[in-house]
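*Asks:* This one is input11.txt, compact mmCIF, C-alpha atoms.
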```
# COMPACT_ATOMS: atom_id res chain seq x y z
CA MET L 1 13.66 -62.25 -11.22
CA LYS L 2 11.03 -60.35 -13.15
CA ASN L 3 11.36 -59.60 -16.83
CA ILE L 4 11.62 -56.28 -18.60
CA GLN L 5 8.19 -54.94 -19.55
CA LEU L 6 6.91 -53.12 -22.64
CA ASP L 7 4.26 -50.41 -22.23
CA ILE L 8 2.63 -49.31 -25.51
CA THR L 9 -0.38 -47.43 -24.11
CA LYS L 10 0.98 -44.00 -25.07
CA ALA L 11 1.60 -45.25 -28.61
CA ALA L 12 -1.60 -47.23 -29.15
CA GLN L 13 -3.72 -44.14 -28.53
CA PHE L 14 -2.47 -42.73 -31.83
CA LEU L 15 -3.74 -45.78 -33.73
CA SER L 16 -7.16 -47.16 -34.53
CA ALA L 17 -8.66 -49.56 -31.99
CA ASN L 18 -7.66 -52.72 -33.87
CA ALA L 19 -4.47 -51.53 -35.60
CA ILE L 20 -2.12 -53.55 -33.39
CA SER L 21 -4.34 -56.61 -32.88
CA ALA L 22 -4.73 -56.79 -36.67
CA TYR L 23 -1.02 -57.57 -36.80
CA GLU L 24 -1.36 -60.70 -34.64
CA PRO L 25 -1.75 -63.20 -37.53
CA LYS L 26 1.00 -61.44 -39.49
CA VAL L 27 3.31 -61.62 -36.48
CA LYS L 28 2.49 -65.30 -36.05
CA ALA L 29 3.44 -65.94 -39.67
CA ALA L 30 6.63 -63.90 -39.26
CA GLN L 31 7.60 -65.92 -36.17
CA GLU L 32 6.87 -69.19 -37.94
CA ALA L 33 9.08 -68.11 -40.83
CA LEU L 34 11.92 -67.55 -38.36
CA GLU L 35 11.36 -70.83 -36.53
CA ASN L 36 10.95 -72.88 -39.71
CA GLY L 37 13.79 -71.14 -41.54
CA THR L 38 11.58 -70.16 -44.47
CA CYS L 39 12.24 -66.41 -44.40
CA PRO L 40 14.76 -64.57 -46.61
CA GLY L 41 18.25 -64.82 -45.11
CA ASN L 42 17.45 -68.11 -43.39
CA ASP L 43 21.12 -69.07 -43.39
CA PHE L 44 21.67 -66.38 -40.70
CA LEU L 45 19.26 -67.56 -38.01
CA GLY L 46 21.88 -68.93 -35.63
CA TRP L 47 21.11 -66.16 -33.09
CA LEU L 48 17.50 -67.32 -32.67
CA HIS L 49 18.17 -70.06 -30.10
CA LEU L 50 21.74 -69.09 -29.29
CA PRO L 51 21.23 -68.09 -25.62
CA SER L 52 19.71 -71.44 -24.64
CA SER L 53 22.45 -73.34 -26.49
CA ILE L 54 25.43 -71.75 -24.71
CA THR L 55 26.98 -74.26 -22.31
CA PRO L 56 28.73 -73.69 -18.96
CA ALA L 57 31.84 -75.25 -20.51
CA PHE L 58 31.89 -72.61 -23.24
CA ILE L 59 31.40 -69.80 -20.72
CA ALA L 60 34.31 -71.24 -18.74
CA GLU L 61 36.54 -71.30 -21.84
CA VAL L 62 35.77 -67.66 -22.59
CA ASN L 63 36.41 -66.67 -18.97
CA GLU L 64 39.71 -68.56 -18.95
CA THR L 65 40.96 -66.64 -21.99
CA ALA L 66 39.69 -63.41 -20.49
CA LYS L 67 41.71 -64.14 -17.34
CA VAL L 68 44.90 -64.49 -19.40
CA LEU L 69 44.33 -61.03 -20.86
CA ARG L 70 43.33 -59.53 -17.51
CA ASP L 71 46.41 -60.98 -15.80
CA ASN L 72 48.82 -59.75 -18.48
CA CYS L 73 47.38 -56.45 -19.70
CA GLU L 74 46.79 -52.94 -18.43
CA VAL L 75 44.89 -52.14 -21.62
CA VAL L 76 43.02 -54.35 -24.08
CA VAL L 77 42.11 -53.00 -27.51
CA VAL L 78 38.97 -54.41 -29.12
CA ALA L 79 39.53 -54.15 -32.88
CA GLY L 80 36.30 -54.43 -34.84
CA ILE L 81 33.62 -52.43 -36.60
CA GLY L 82 29.82 -52.40 -36.51
CA GLY L 83 28.45 -55.52 -34.90
CA SER L 84 31.97 -56.68 -34.18
CA TYR L 85 32.32 -54.15 -31.38
CA LEU L 86 29.06 -52.28 -30.69
CA GLY L 87 27.44 -55.08 -28.70
CA ALA L 88 30.44 -55.49 -26.42
CA ARG L 89 30.77 -51.74 -25.97
CA THR L 90 27.06 -51.49 -25.15
CA VAL L 91 27.38 -53.86 -22.21
CA ILE L 92 30.79 -52.68 -21.01
CA GLU L 93 29.88 -49.00 -20.95
CA ALA L 94 26.47 -49.67 -19.40
CA LEU L 95 28.07 -51.52 -16.48
CA SER L 96 31.36 -49.65 -16.04
CA ASN L 97 32.04 -46.78 -13.68
CA SER L 98 31.38 -43.59 -15.65
CA PHE L 99 34.87 -42.38 -14.71
CA GLN L 100 36.71 -45.64 -15.33
CA TRP L 101 39.49 -43.78 -17.15
CA LEU L 102 40.39 -41.87 -13.99
CA LEU L 103 40.45 -44.85 -11.66
CA ASN L 104 43.62 -46.72 -10.79
CA ASP L 105 41.87 -50.06 -11.05
CA SER L 106 44.47 -52.80 -10.99
CA LYS L 107 41.81 -55.53 -11.32
CA ASN L 108 40.27 -54.46 -14.61
CA PRO L 109 42.17 -53.44 -17.74
CA VAL L 110 41.16 -50.32 -19.64
CA ILE L 111 39.15 -51.30 -22.73
CA LEU L 112 39.81 -49.32 -25.92
CA TYR L 113 37.95 -49.61 -29.22
CA ALA L 114 39.62 -49.33 -32.59
CA GLY L 115 39.23 -50.60 -36.13
CA ASN L 116 35.89 -48.77 -36.41
CA ASN L 117 37.16 -45.74 -38.35
CA ILE L 118 39.99 -44.67 -40.68
CA SER L 119 41.03 -41.54 -38.82
CA GLU L 120 44.80 -41.09 -38.91
CA ASP L 121 44.67 -38.84 -35.85
CA TYR L 122 42.66 -41.40 -33.86
CA LEU L 123 45.12 -44.19 -34.68
CA ALA L 124 48.19 -42.04 -34.02
CA GLU L 125 46.85 -40.93 -30.64
CA MET L 126 45.86 -44.47 -29.68
CA CYS L 127 49.29 -45.85 -30.56
CA ASP L 128 50.90 -43.02 -28.60
CA TYR L 129 48.72 -43.80 -25.58
CA LEU L 130 49.76 -47.47 -25.77
CA LYS L 131 53.50 -46.70 -25.70
CA GLY L 132 55.07 -48.25 -22.62
CA LYS L 133 51.83 -49.97 -21.61
CA LYS L 134 51.22 -53.68 -21.27
CA PHE L 135 48.46 -54.08 -23.83
CA GLY L 136 46.70 -56.87 -25.67
CA VAL L 137 44.35 -57.07 -28.64
CA ILE L 138 41.10 -58.84 -29.43
CA ASN L 139 40.91 -58.83 -33.22
CA ILE L 140 37.31 -59.39 -34.35
CA SER L 141 36.77 -59.96 -38.06
CA LYS L 142 35.20 -62.85 -39.91
CA SER L 143 37.17 -62.17 -43.09
CA GLY L 144 40.19 -60.32 -41.78
CA THR L 145 40.02 -57.97 -44.78
CA THR L 146 37.57 -55.31 -43.58
CA THR L 147 39.59 -52.17 -44.29
CA GLU L 148 39.10 -50.32 -41.01
CA THR L 149 39.83 -53.32 -38.79
CA ALA L 150 42.60 -54.87 -40.89
CA LEU L 151 44.50 -51.58 -41.08
CA THR L 152 44.23 -51.10 -37.32
CA PHE L 153 45.27 -54.66 -36.56
CA ARG L 154 48.42 -54.28 -38.67
CA LEU L 155 49.45 -51.32 -36.51
CA LEU L 156 48.53 -52.98 -33.21
CA LYS L 157 50.20 -56.30 -34.03
CA LYS L 158 53.48 -54.60 -34.88
CA GLN L 159 53.42 -52.34 -31.82
CA CYS L 160 52.53 -55.20 -29.49
CA GLU L 161 55.35 -57.37 -30.83
CA ASP L 162 57.84 -54.47 -30.70
CA GLN L 163 56.89 -53.52 -27.13
CA ARG L 164 56.18 -56.87 -25.57
CA GLY L 165 58.09 -59.36 -27.71
CA LYS L 166 56.77 -62.07 -30.02
CA GLU L 167 56.20 -64.59 -27.24
CA MET L 168 54.08 -62.29 -25.09
CA ALA L 169 52.27 -60.90 -28.14
CA GLN L 170 51.28 -64.44 -29.05
CA LYS L 171 49.77 -64.75 -25.56
CA VAL L 172 47.85 -61.45 -25.47
CA ILE L 173 46.52 -61.27 -29.04
CA VAL L 174 43.27 -63.19 -29.48
CA ALA L 175 41.40 -63.69 -32.75
CA VAL L 176 37.63 -63.96 -33.07
CA THR L 177 37.09 -65.00 -36.67
CA ASP L 178 35.91 -67.62 -39.15
CA ALA L 179 36.42 -71.28 -38.32
CA LYS L 180 38.40 -72.17 -41.44
CA LYS L 181 38.95 -69.35 -43.91
CA GLY L 182 39.97 -65.73 -44.27
CA ALA L 183 43.01 -63.59 -43.57
CA ALA L 184 42.35 -63.33 -39.82
CA ARG L 185 42.06 -67.13 -39.51
CA THR L 186 45.26 -67.63 -41.50
CA THR L 187 47.12 -65.12 -39.30
CA ALA L 188 45.79 -66.65 -36.09
CA ASP L 189 46.87 -70.15 -37.11
CA LYS L 190 50.26 -68.98 -38.34
CA GLU L 191 51.04 -66.92 -35.22
CA GLY L 192 49.55 -69.39 -32.77
CA TYR L 193 46.96 -67.00 -31.29
CA LYS L 194 44.16 -68.27 -29.12
CA SER L 195 41.05 -67.99 -31.28
CA PHE L 196 37.28 -68.21 -31.08
CA VAL L 197 34.87 -68.84 -33.92
CA ILE L 198 32.20 -66.50 -35.22
CA PRO L 199 29.41 -68.90 -36.22
CA ASP L 200 28.69 -68.89 -39.96
CA ASN L 201 24.97 -68.52 -39.30
CA VAL L 202 25.20 -65.45 -37.05
CA GLY L 203 25.59 -62.01 -38.64
CA GLY L 204 27.65 -59.30 -36.97
CA ARG L 205 24.78 -57.21 -35.64
CA PHE L 206 23.26 -60.30 -33.98
CA SER L 207 26.58 -61.53 -32.56
CA VAL L 208 26.70 -60.02 -29.04
CA LEU L 209 26.15 -63.41 -27.41
CA THR L 210 28.94 -65.10 -29.39
CA PRO L 211 32.63 -64.64 -28.50
CA VAL L 212 32.45 -61.37 -30.47
CA GLY L 213 30.74 -59.82 -27.46
CA LEU L 214 31.28 -62.28 -24.65
CA LEU L 215 35.09 -62.19 -24.65
CA PRO L 216 35.54 -58.39 -24.39
CA ILE L 217 32.76 -58.23 -21.79
CA ALA L 218 34.48 -60.91 -19.71
CA VAL L 219 37.83 -59.14 -20.04
CA ALA L 220 36.19 -55.98 -18.69
CA GLY L 221 35.29 -57.96 -15.57
CA PHE L 222 31.58 -58.61 -16.05
CA ASP L 223 29.51 -61.76 -15.54
CA ILE L 224 28.82 -63.21 -18.97
CA ALA L 225 26.93 -66.16 -17.46
CA LYS L 226 24.34 -63.71 -16.09
CA LEU L 227 24.19 -61.92 -19.45
CA VAL L 228 23.45 -65.21 -21.21
CA GLU L 229 20.95 -66.20 -18.52
CA GLY L 230 18.99 -63.00 -19.08
CA ALA L 231 18.98 -63.55 -22.84
CA ALA L 232 17.89 -67.18 -22.40
CA ASP L 233 14.98 -66.10 -20.17
CA MET L 234 13.92 -63.56 -22.80
CA GLU L 235 14.21 -66.27 -25.46
CA LYS L 236 11.55 -68.18 -23.47
CA ALA L 237 9.43 -65.06 -22.92
CA THR L 238 9.32 -64.37 -26.67
CA ALA L 239 8.90 -67.96 -27.89
CA ILE L 240 6.41 -68.71 -30.63
CA ASP L 241 3.99 -70.43 -28.22
CA VAL L 242 3.73 -67.36 -25.96
CA PRO L 243 0.39 -65.57 -26.55
CA PHE L 244 0.73 -62.46 -28.71
CA THR L 245 -0.32 -59.96 -26.02
CA GLU L 246 2.17 -61.48 -23.53
CA ASN L 247 5.11 -61.57 -25.96
CA PRO L 248 7.00 -58.23 -25.71
CA SER L 249 9.03 -58.68 -28.90
CA ALA L 250 5.91 -59.57 -30.90
CA VAL L 251 3.98 -56.58 -29.55
CA TYR L 252 6.91 -54.19 -30.14
CA ALA L 253 7.29 -55.40 -33.74
CA ALA L 254 3.54 -55.07 -34.35
CA CYS L 255 3.28 -51.61 -32.76
CA ARG L 256 6.23 -50.11 -34.63
CA ASN L 257 4.93 -51.46 -37.95
CA ALA L 258 1.42 -50.17 -37.24
CA LEU L 259 2.94 -46.75 -36.53
CA TYR L 260 4.93 -47.01 -39.77
CA ASP L 261 1.69 -47.72 -41.67
CA ALA L 262 0.25 -44.59 -40.02
CA GLY L 263 3.04 -42.42 -41.42
CA LYS L 264 5.48 -42.53 -38.50
CA LYS L 265 8.67 -43.11 -40.46
CA ILE L 266 11.27 -42.30 -37.76
CA GLU L 267 11.79 -44.14 -34.48
CA ILE L 268 13.79 -42.29 -31.82
CA MET L 269 15.41 -44.44 -29.14
CA VAL L 270 15.57 -42.52 -25.85
CA ASN L 271 17.49 -43.16 -22.64
CA TYR L 272 17.80 -41.19 -19.42
CA GLN L 273 21.08 -42.81 -18.38
CA PRO L 274 24.33 -41.68 -20.07
CA LYS L 275 25.66 -45.21 -19.68
CA LEU L 276 23.13 -46.39 -22.29
CA HIS L 277 24.50 -44.23 -25.11
CA TYR L 278 26.04 -47.24 -26.84
CA LEU L 279 22.85 -49.25 -26.45
CA ASN L 280 21.39 -46.56 -28.71
CA GLU L 281 24.27 -47.03 -31.16
CA TRP L 282 23.94 -50.83 -31.21
CA TRP L 283 20.16 -50.57 -31.68
CA LYS L 284 20.62 -48.11 -34.57
CA GLN L 285 22.81 -50.56 -36.42
CA LEU L 286 20.58 -53.54 -35.66
CA TYR L 287 17.46 -51.93 -37.09
CA GLY L 288 19.00 -49.64 -39.70
CA GLU L 289 21.07 -52.35 -41.37
CA SER L 290 18.31 -54.94 -41.04
CA GLU L 291 15.32 -52.98 -42.34
CA GLY L 292 16.59 -50.17 -44.56
CA LYS L 293 16.17 -51.91 -47.92
CA GLU L 294 14.12 -51.78 -51.12
CA GLY L 295 12.99 -48.22 -50.40
CA LYS L 296 11.46 -49.34 -47.09
CA GLY L 297 12.22 -49.15 -43.40
CA ILE L 298 11.75 -47.05 -40.29
CA PHE L 299 14.69 -44.67 -39.84
CA PRO L 300 16.38 -45.36 -36.46
CA ALA L 301 17.55 -42.26 -34.58
CA ALA L 302 18.59 -41.86 -30.94
CA VAL L 303 18.93 -39.26 -28.22
CA ASP L 304 20.35 -39.10 -24.69
CA PHE L 305 17.94 -37.31 -22.34
CA THR L 306 17.82 -35.04 -20.50
CA THR L 307 20.97 -33.75 -22.28
CA ASP L 308 19.43 -33.73 -25.76
CA LEU L 309 16.22 -32.12 -24.53
CA HIS L 310 18.25 -28.92 -24.69
CA SER L 311 19.02 -29.47 -28.37
CA MET L 312 16.77 -32.00 -30.14
CA GLY L 313 13.90 -31.47 -27.69
CA GLN L 314 12.51 -28.56 -29.70
CA TRP L 315 12.36 -30.55 -32.94
CA ILE L 316 10.78 -33.55 -31.22
CA GLN L 317 8.17 -31.37 -29.53
CA GLU L 318 7.12 -29.28 -32.52
CA GLY L 319 8.77 -30.59 -35.70
CA GLU L 320 7.27 -32.71 -38.49
CA ARG L 321 4.97 -35.36 -37.00
CA THR L 322 6.62 -38.35 -38.66
CA ILE L 323 8.25 -39.61 -35.46
CA TYR L 324 7.63 -41.78 -32.43
CA GLU L 325 9.78 -42.59 -29.41
CA THR L 326 10.84 -45.77 -27.63
CA VAL L 327 12.09 -44.97 -24.13
CA ILE L 328 14.40 -47.21 -22.09
CA SER L 329 13.34 -46.59 -18.48
CA ILE L 330 15.56 -47.92 -15.66
CA GLU L 331 13.48 -48.35 -12.50
CA GLN L 332 16.25 -48.57 -9.89
CA PRO L 333 19.67 -46.87 -10.15
CA ASN L 334 22.75 -48.52 -8.66
CA HIS L 335 23.68 -45.53 -6.46
CA LYS L 336 21.89 -43.16 -4.11
CA VAL L 337 22.48 -39.39 -4.08
CA LEU L 338 20.27 -37.01 -2.10
CA PHE L 339 19.72 -33.42 -3.19
CA PRO L 340 21.34 -31.13 -0.57
CA THR L 341 19.88 -28.07 1.16
CA ASP L 342 21.49 -24.68 0.54
CA GLU L 343 20.79 -21.90 3.04
CA GLU L 344 20.93 -19.10 0.47
CA ASN L 345 18.84 -21.04 -2.09
CA LEU L 346 20.06 -18.79 -4.89
CA ASP L 347 19.12 -21.37 -7.52
CA GLY L 348 15.63 -21.79 -6.04
CA LEU L 349 15.99 -25.54 -5.80
CA ASN L 350 15.48 -26.08 -2.06
CA PHE L 351 12.09 -27.57 -2.87
CA LEU L 352 14.09 -30.62 -4.03
CA ALA L 353 16.14 -30.92 -0.82
CA GLY L 354 16.18 -34.43 0.55
CA LYS L 355 14.90 -36.01 -2.65
CA ARG L 356 16.92 -38.58 -4.56
CA VAL L 357 18.44 -37.28 -7.78
CA ASP L 358 16.83 -40.24 -9.54
CA GLU L 359 13.40 -38.98 -8.50
CA VAL L 360 14.14 -35.72 -10.31
CA ASN L 361 15.30 -37.71 -13.34
CA LYS L 362 12.13 -39.84 -13.27
CA MET L 363 9.91 -36.76 -13.13
CA ALA L 364 11.85 -35.33 -16.08
CA GLU L 365 11.16 -38.59 -17.92
CA LEU L 366 7.44 -38.54 -17.09
CA GLY L 367 7.09 -34.84 -17.82
CA THR L 368 8.82 -35.27 -21.18
CA GLN L 369 6.62 -38.21 -22.13
CA LEU L 370 3.46 -36.22 -21.33
CA ALA L 371 4.72 -33.19 -23.28
CA HIS L 372 5.74 -35.22 -26.32
CA VAL L 373 2.50 -37.21 -26.38
CA ASP L 374 0.56 -33.92 -26.14
CA GLY L 375 2.73 -32.72 -29.05
CA GLY L 376 1.66 -35.66 -31.21
CA VAL L 377 4.56 -38.07 -30.62
CA PRO L 378 3.58 -41.68 -29.81
CA ASN L 379 5.63 -43.18 -26.98
CA MET L 380 6.56 -46.74 -26.06
CA ARG L 381 8.44 -47.54 -22.85
CA LEU L 382 10.69 -50.51 -22.17
CA ILE L 383 10.77 -50.78 -18.39
CA VAL L 384 13.96 -52.32 -16.97
CA PRO L 385 14.13 -53.16 -13.23
CA GLU L 386 17.84 -52.29 -12.92
CA LEU L 387 20.99 -52.02 -14.97
CA ASN L 388 22.97 -55.25 -14.66
CA GLU L 389 24.21 -58.14 -16.80
CA TYR L 390 20.98 -60.12 -16.49
CA TYR L 391 18.71 -57.34 -17.73
CA LEU L 392 21.10 -56.26 -20.47
CA GLY L 393 20.92 -59.84 -21.73
CA GLN L 394 17.14 -59.53 -21.77
CA ILE L 395 17.25 -56.19 -23.60
CA ILE L 396 19.64 -57.53 -26.26
CA TYR L 397 17.55 -60.58 -27.06
CA PHE L 398 14.28 -58.63 -26.89
CA PHE L 399 15.46 -56.26 -29.62
CA GLU L 400 17.04 -59.03 -31.72
CA LYS L 401 13.86 -61.12 -31.72
CA ALA L 402 11.67 -58.10 -32.46
CA CYS L 403 13.99 -57.15 -35.31
CA GLY L 404 13.66 -60.61 -36.89
CA ILE L 405 9.87 -60.41 -36.65
CA SER L 406 9.72 -56.81 -37.85
CA GLY L 407 11.89 -57.42 -40.90
CA ASN L 408 9.64 -60.29 -41.95
CA LEU L 409 6.57 -58.06 -41.48
CA LEU L 410 8.23 -55.47 -43.71
CA GLY L 411 8.99 -58.09 -46.35
CA VAL L 412 12.76 -57.58 -46.57
CA ASN L 413 15.76 -59.82 -45.99
CA THR L 414 16.57 -58.81 -42.41
CA PHE L 415 19.98 -60.45 -42.44
CA ASN L 416 21.82 -59.07 -45.45
CA GLN L 417 23.33 -55.64 -46.12
CA PRO L 418 23.94 -55.23 -49.85
CA GLY L 419 23.91 -51.44 -49.65
CA VAL L 420 26.96 -51.41 -47.38
CA GLU L 421 29.13 -52.56 -50.29
CA ALA L 422 28.52 -49.45 -52.41
CA TYR L 423 30.96 -47.16 -50.61
CA LYS L 424 33.58 -49.91 -50.41
CA LYS L 425 33.53 -50.40 -54.17
CA ASN L 426 34.10 -46.69 -54.77
CA MET L 427 36.76 -46.42 -52.07
CA PHE L 428 38.75 -49.36 -53.43
CA ALA L 429 38.55 -47.97 -56.95
CA LEU L 430 39.82 -44.57 -55.78
CA LEU L 431 42.68 -46.27 -53.92
CA ASN L 432 43.63 -48.26 -57.05
CA LYS L 433 43.10 -51.63 -55.39
CA PRO L 434 44.05 -54.47 -57.76
CA GLY L 435 40.98 -55.81 -59.52
CA TYR L 436 39.16 -52.47 -59.52
CA GLU L 437 40.75 -50.95 -62.62
CA LYS L 438 37.51 -50.58 -64.60
CA GLU L 439 35.69 -49.04 -61.64
CA SER L 440 38.62 -46.69 -61.09
CA GLU L 441 38.51 -45.43 -64.65
CA ALA L 442 34.74 -44.88 -64.48
CA ILE L 443 34.89 -43.01 -61.18
CA ARG L 444 37.75 -40.78 -62.23
CA ALA L 445 35.91 -39.95 -65.44
CA ARG L 446 32.89 -38.88 -63.34
CA LEU L 447 35.07 -36.75 -61.05
CA ASN L 448 36.75 -35.03 -63.99
CA LYS L 449 33.49 -33.93 -65.62
```
Please render this file's structure as structure tokens.
*Replies:*
Amino acid sequence: MKNIQLDITKAAQFLSANAISAYEPKVKAAQEALENGTCPGNDFLGWLHLPSSITPAFIAEVNETAKVLRDNCEVVVVAGIGGSYLGARTVIEALSNSFQWLLNDSKNPVILYAGNNISEDYLAEMCDYLKGKKFGVINISKSGTTTETALTFRLLKKQCEDQRGKEMAQKVIVAVTDAKKGAARTTADKEGYKSFVIPDNVGGRFSVLTPVGLLPIAVAGFDIAKLVEGAADMEKATAIDVPFTENPSAVYAACRNALYDAGKKIEIMVNYQPKLHYLNEWWKQLYGESEGKEGKGIFPAAVDFTTDLHSMGQWIQEGERTIYETVISIEQPNHKVLFPTDEENLDGLNFLAGKRVDEVNKMAELGTQLAHVDGGVPNMRLIVPELNEYYLGQIIYFFEKACGISGNLLGVNTFNQPGVEAYKKNMFALLNKPGYEKESEAIRARLNK
């Protein structure tokens, strides 16, 4: 099978002749820092060679647990936030029927996502939907104390036990958590839940190819072995001994940083397939949380075309020229629909009769690229042969590897997220959490001014 391909020609034309090639020695040094573990955050490099280290026995164990949930559940709720659910949702929604909710599919349980917000209405409506249904839970949290996920799991655990009984709840609640410590590990051991370990050296946003992502994807009925195979092949294609110009992750990291140097501060991820919406969301977290530090970093934004061409298209075409686009282009759709003829031709579209709808979509993609480039927006394209497990595995690892390189080029710790703690500190103080008394007094004094 061929690999995904990166085309930077419509981005390089906005840069000086040697702007990207000048990054080659810097990229080499960034890659060496990853490989040698000498970069900041080097205790979180477990993702780097993860795909090639996953064994058939481990895949079989994940699939066996997934079968238990599939055999005993109409609905499975994935409880997690950020990297603890976005990777799984990316793959599941990319591969699922767009109208999965409306299908009476007895083979595959409905997958819900919770623990990623604190909306009372969302939780109430979810719990109401689950009434009378045979449901299970995959609780994903390294600590077990993340507010959004822990609150949701309390509700789900109680409802599952009340509806299905303690014995069945023990069978259909699975924990993905720390190996030894934390509230989620303690609960899993106490209740006798099947559990999987989140490796200590893999951060949440890089965890798709751990049980964090693999278990929900398997429960949804997809081939996790193929996903891992694609990632492993991309691991080889982006290895440190691959020449710079042939290494897509290295070239992507170099090009985006060269554009950043040239004043392009915002990267817009673009897709032309609605199923890739959550790939956008996963990518936004991966790059936003990894690079947005120390007053630095490209701002990651995303759009779904052609839908957003009727809203954001105007800004992209003629707004401030601080942006560039990276387009995910799927070469071959999984279905075939021909544009019909209409005798009256009131909409004037008979010139499209007999053409595949995907051809129209592709011409929209090409036409948009030409218009945006003419409007001063550099464009990169990631060309994907088709949308399946194998190529999603390639896409995931491609972006992860490029992120590791790019963060090192930027000179930040790619793998921490100190800024995420700021809102938590304020929230806990406002909620009078024990241990936050001083912070609570200070905040309330500010609010009363």
*Asks:* Would you mind telling me which residue in L:Lys142, L:His372, L:Lys264, L:His277 lies nearest to L:Ala188 when using all atoms listed in the file?
*Replies:*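 Using all atoms listed in the file, the shortest distance to L:Ala188 belongs to L:Lys142.
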*Asks:* Select all residues near (53.7, -51.2, -21.1) (cut-off 9 Å, inclusive, file coordinates), counting all atoms listed in the file, and output them as JSON, numbers by chain.
*Replies:* {"L": [73, 74, 75, 130, 131, 132, 133, 134, 135, 163, 164]}
*Asks:* Go through L:Leu409, L:Val228, L:Val219, L:Ala150 and flag the residue nearest L:Gly182, using only C-alpha atoms for the distances.
*Replies:*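 Smallest separation from L:Gly182 among the options: L:Ala150.
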*Asks:* Which residue is closest to L:Thr210? Choose from L:Tyr287, L:Tyr278, L:Tyr85, L:Tyr436 and count only C-alpha atoms.
*Replies:*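 Comparing L:Tyr287, L:Tyr278, L:Tyr85, L:Tyr436 against L:Thr210, the winner is L:Tyr85.
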*Asks:* Give me the residues within 10 Å of L:Ser96 as a VMD selection string, counting all atoms listed in the file and dropping any in the same chain fewer than 5 places off.
*Replies:* chain L and resid 91 220 to 222 275
*Asks:* Got a moment to write stretch 368-379 of chain L out with N, CA, C and O atoms, as an mmCIF file, in the first residue's frame?
*Replies:*
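After the write, out_16.cif holds the following:
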```cif
data_model
loop_
_atom_site.group_PDB
_atom_site.id
_atom_site.type_symbol
_atom_site.label_atom_id
_atom_site.label_comp_id
_atom_site.auth_asym_id
_atom_site.auth_seq_id
_atom_site.Cartn_x
_atom_site.Cartn_y
_atom_site.Cartn_z
ATOM 1 N N THR L 368 -11.058 26.116 -4.719
ATOM 2 C CA THR L 368 -10.823 26.855 -3.471
ATOM 3 C C THR L 368 -9.336 27.073 -3.250
ATOM 4 O O THR L 368 -8.908 28.174 -2.865
ATOM 5 N N GLN L 369 -8.542 26.031 -3.494
ATOM 6 C CA GLN L 369 -7.092 26.177 -3.320
ATOM 7 C C GLN L 369 -6.543 27.285 -4.225
ATOM 8 O O GLN L 369 -5.787 28.154 -3.777
ATOM 9 N N LEU L 370 -6.959 27.270 -5.498
ATOM 10 C CA LEU L 370 -6.485 28.292 -6.434
ATOM 11 C C LEU L 370 -6.908 29.693 -5.988
ATOM 12 O O LEU L 370 -6.113 30.644 -6.034
ATOM 13 N N ALA L 371 -8.162 29.827 -5.539
ATOM 14 C CA ALA L 371 -8.661 31.129 -5.098
ATOM 15 C C ALA L 371 -7.913 31.619 -3.863
ATOM 16 O O ALA L 371 -7.526 32.794 -3.772
ATOM 17 N N HIS L 372 -7.693 30.729 -2.903
ATOM 18 C CA HIS L 372 -7.029 31.131 -1.668
ATOM 19 C C HIS L 372 -5.556 31.460 -1.905
ATOM 20 O O HIS L 372 -5.025 32.428 -1.328
ATOM 21 N N VAL L 373 -4.896 30.677 -2.743
ATOM 22 C CA VAL L 373 -3.497 30.979 -3.076
ATOM 23 C C VAL L 373 -3.420 32.331 -3.789
ATOM 24 O O VAL L 373 -2.564 33.172 -3.474
ATOM 25 N N ASP L 374 -4.337 32.575 -4.733
ATOM 26 C CA ASP L 374 -4.382 33.882 -5.404
ATOM 27 C C ASP L 374 -4.642 35.000 -4.400
ATOM 28 O O ASP L 374 -4.195 36.139 -4.595
ATOM 29 N N GLY L 375 -5.366 34.674 -3.318
ATOM 30 C CA GLY L 375 -5.672 35.667 -2.283
ATOM 31 C C GLY L 375 -4.572 35.824 -1.247
ATOM 32 O O GLY L 375 -4.749 36.552 -0.264
ATOM 33 N N GLY L 376 -3.452 35.123 -1.436
ATOM 34 C CA GLY L 376 -2.313 35.286 -0.538
ATOM 35 C C GLY L 376 -2.254 34.304 0.613
ATOM 36 O O GLY L 376 -1.611 34.571 1.630
ATOM 37 N N VAL L 377 -2.916 33.152 0.467
ATOM 38 C CA VAL L 377 -2.937 32.143 1.537
ATOM 39 C C VAL L 377 -2.123 30.914 1.097
ATOM 40 O O VAL L 377 -2.561 30.175 0.212
ATOM 41 N N PRO L 378 -0.958 30.681 1.684
ATOM 42 C CA PRO L 378 -0.193 29.472 1.362
ATOM 43 C C PRO L 378 -1.012 28.218 1.665
ATOM 44 O O PRO L 378 -1.782 28.189 2.631
ATOM 45 N N ASN L 379 -0.823 27.186 0.846
ATOM 46 C CA ASN L 379 -1.577 25.939 1.013
ATOM 47 C C ASN L 379 -0.661 24.726 0.975
ATOM 48 O O ASN L 379 0.145 24.575 0.055
#
```
